[in-house]
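Student: Before anything else, here's the structure in question.
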Amino acid sequence: MKTPSLKKQFEIRVKVSAPIVVGQDDKAGRRQLIPITSGELIGAETADIPGLHGTVLPGGVDSQVIRPDGRCELSARYGVRMDDGASFYIENNGFRTVPKEYVQTVLEGGFVDPSLYYFCTTPTFEIYDERVSWLKDKLYICSATRLPDMVILGYYTVE
């Protein structure tokens, strides 16, 4: 039996606006919507398809709930248009956890050093052009880093 490995295919740098807090309490946590304003898709050197490049379309959203224990459950949805005109839609679901000493920081909308938390997602793709049908051929996972104005997502195929 072959042991699965990961291969980086591309990275997406999603630019975001300030979170819009919908509500917060001690039971559900902090519900927020983070507008996705733009971004860039850049192919990795190890990618199966060289020369990948595209733009994240404005109008997407990252819907999050930060639970009272600091666990952030999220679902980001946004479109990408490749330089050749092909487009696709991403639904990226996952979670981020922080050490206990940083729970209050995230519940108050603060940021934690990315080296201190776990942040992974599982994307699915909606395809509108055969030129990007290769996205449907493999299973992807993402490793993510949240910065104040950006989320950096490394898209890896499970090989």
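By order in the structure tokens, chains are A, B, ...; within a chain, residues start at 1; ligands start at 1, following the order shown.
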Please extract the residues of chain A with a backbone DSSP assignment of helix (DSSP H, G or I) and present them as a list in words.

Tutor: Lys100, Glu101, Tyr102, Val103, Gln104, Thr105, Val106, Leu107, Pro114, Ser115, Leu116, Glu130, Arg131, Val132, Ser133, Trp134, Leu135 and Lys136 of chain A

Student: Deliver the residues from the most recent selection as a file, using N, CA and C atoms, as a PDB file, in the first residue's frame.

Tutor:
```
ATOM      1  N   LYS A 100      -4.841  27.698  24.543  1.00  0.00           N
ATOM      2  CA  LYS A 100      -5.783  28.254  25.523  1.00  0.00           C
ATOM      3  C   LYS A 100      -5.459  29.683  25.937  1.00  0.00           C
ATOM      4  N   GLU A 101      -4.181  30.009  26.022  1.00  0.00           N
ATOM      5  CA  GLU A 101      -3.818  31.352  26.486  1.00  0.00           C
ATOM      6  C   GLU A 101      -4.163  32.453  25.473  1.00  0.00           C
ATOM      7  N   TYR A 102      -4.586  32.071  24.254  1.00  0.00           N
ATOM      8  CA  TYR A 102      -4.935  33.062  23.226  1.00  0.00           C
ATOM      9  C   TYR A 102      -6.430  33.086  22.891  1.00  0.00           C
ATOM     10  N   VAL A 103      -7.221  32.299  23.609  1.00  0.00           N
ATOM     11  CA  VAL A 103      -8.657  32.231  23.328  1.00  0.00           C
ATOM     12  C   VAL A 103      -9.312  33.606  23.466  1.00  0.00           C
ATOM     13  N   GLN A 104      -9.041  34.305  24.546  1.00  0.00           N
ATOM     14  CA  GLN A 104      -9.659  35.613  24.761  1.00  0.00           C
ATOM     15  C   GLN A 104      -9.258  36.605  23.672  1.00  0.00           C
ATOM     16  N   THR A 105      -8.022  36.519  23.222  1.00  0.00           N
ATOM     17  CA  THR A 105      -7.544  37.405  22.152  1.00  0.00           C
ATOM     18  C   THR A 105      -8.393  37.247  20.897  1.00  0.00           C
ATOM     19  N   VAL A 106      -8.641  36.000  20.460  1.00  0.00           N
ATOM     20  CA  VAL A 106      -9.415  35.801  19.233  1.00  0.00           C
ATOM     21  C   VAL A 106     -10.891  36.105  19.444  1.00  0.00           C
ATOM     22  N   LEU A 107     -11.393  35.866  20.646  1.00  0.00           N
ATOM     23  CA  LEU A 107     -12.797  36.209  20.911  1.00  0.00           C
ATOM     24  C   LEU A 107     -13.027  37.720  20.880  1.00  0.00           C
ATOM     25  N   PRO A 114       0.766  33.324  13.542  1.00  0.00           N
ATOM     26  CA  PRO A 114       0.392  32.117  12.792  1.00  0.00           C
ATOM     27  C   PRO A 114       1.185  30.864  13.178  1.00  0.00           C
ATOM     28  N   SER A 115       2.370  31.019  13.724  1.00  0.00           N
ATOM     29  CA  SER A 115       3.151  29.844  14.105  1.00  0.00           C
ATOM     30  C   SER A 115       2.577  29.148  15.337  1.00  0.00           C
ATOM     31  N   LEU A 116       1.602  29.780  16.002  1.00  0.00           N
ATOM     32  CA  LEU A 116       1.050  29.234  17.237  1.00  0.00           C
ATOM     33  C   LEU A 116      -0.266  28.492  17.062  1.00  0.00           C
ATOM     34  N   GLU A 130     -13.513  23.794 -19.220  1.00  0.00           N
ATOM     35  CA  GLU A 130     -12.715  22.562 -19.290  1.00  0.00           C
ATOM     36  C   GLU A 130     -11.224  22.802 -19.060  1.00  0.00           C
ATOM     37  N   ARG A 131     -10.762  24.025 -19.287  1.00  0.00           N
ATOM     38  CA  ARG A 131      -9.334  24.318 -19.097  1.00  0.00           C
ATOM     39  C   ARG A 131      -8.901  24.195 -17.632  1.00  0.00           C
ATOM     40  N   VAL A 132      -9.857  24.212 -16.704  1.00  0.00           N
ATOM     41  CA  VAL A 132      -9.516  24.029 -15.292  1.00  0.00           C
ATOM     42  C   VAL A 132     -10.157  22.761 -14.715  1.00  0.00           C
ATOM     43  N   SER A 133     -10.546  21.851 -15.590  1.00  0.00           N
ATOM     44  CA  SER A 133     -11.167  20.604 -15.119  1.00  0.00           C
ATOM     45  C   SER A 133     -10.210  19.743 -14.304  1.00  0.00           C
ATOM     46  N   TRP A 134      -8.908  19.974 -14.418  1.00  0.00           N
ATOM     47  CA  TRP A 134      -7.920  19.234 -13.642  1.00  0.00           C
ATOM     48  C   TRP A 134      -8.120  19.425 -12.135  1.00  0.00           C
ATOM     49  N   LEU A 135      -8.822  20.473 -11.727  1.00  0.00           N
ATOM     50  CA  LEU A 135      -9.096  20.689 -10.309  1.00  0.00           C
ATOM     51  C   LEU A 135      -9.970  19.577  -9.724  1.00  0.00           C
ATOM     52  N   LYS A 136     -10.731  18.905 -10.567  1.00  0.00           N
ATOM     53  CA  LYS A 136     -11.640  17.842 -10.118  1.00  0.00           C
ATOM     54  C   LYS A 136     -10.968  16.469 -10.076  1.00  0.00           C
TER      55      LYS A 136
END
```

Student: Can you check which residues of segment 97-158 of chain A DSSP gives as strand (DSSP E or B) on the backbone and send them as a ChimeraX atom specification?

Tutor: /A:97,118-127,140-147,150-158

Student: Keeping C-alpha atoms, export the residues of the selection given above as a tab-separated table (two decimals), in the first residue's frame.

Tutor:
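Wrote it out as part.tsv, contents follow:
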```tsv
chain	number	residue	atom	x	y	z
A	97	THR	CA	-7.47	26.42	16.74
A	118	TYR	CA	-3.48	25.06	13.54
A	119	PHE	CA	-5.38	26.22	10.42
A	120	CYS	CA	-6.40	23.76	7.68
A	121	THR	CA	-9.26	23.57	5.19
A	122	THR	CA	-10.74	21.26	2.58
A	123	PRO	CA	-11.68	23.01	-0.67
A	124	THR	CA	-14.17	21.94	-3.31
A	125	PHE	CA	-14.33	23.43	-6.77
A	126	GLU	CA	-17.16	24.39	-9.12
A	127	ILE	CA	-15.81	24.34	-12.68
A	140	TYR	CA	-7.03	18.94	-2.15
A	141	ILE	CA	-6.29	20.20	1.32
A	142	CYS	CA	-5.10	23.66	2.34
A	143	SER	CA	-2.72	24.92	4.93
A	144	ALA	CA	-3.63	28.48	5.83
A	145	THR	CA	-2.13	31.53	7.50
A	146	ARG	CA	-4.34	34.41	8.71
A	147	LEU	CA	-2.82	37.87	8.69
A	150	MET	CA	-4.88	38.67	4.09
A	151	VAL	CA	-5.22	34.89	4.23
A	152	ILE	CA	-2.48	32.84	2.55
A	153	LEU	CA	-3.68	29.42	1.40
A	154	GLY	CA	-1.37	26.69	0.18
A	155	TYR	CA	-3.34	24.22	-1.97
A	156	TYR	CA	-1.92	20.69	-1.83
A	157	THR	CA	-3.02	17.55	-3.66
A	158	VAL	CA	-3.02	14.26	-1.84
```

Student: Which of these residues is nearest to Arg13 of chain A, using only C-alpha atoms: A:Leu41, A:Ala28, A:Leu52, A:Ala76?

Tutor: A:Leu41
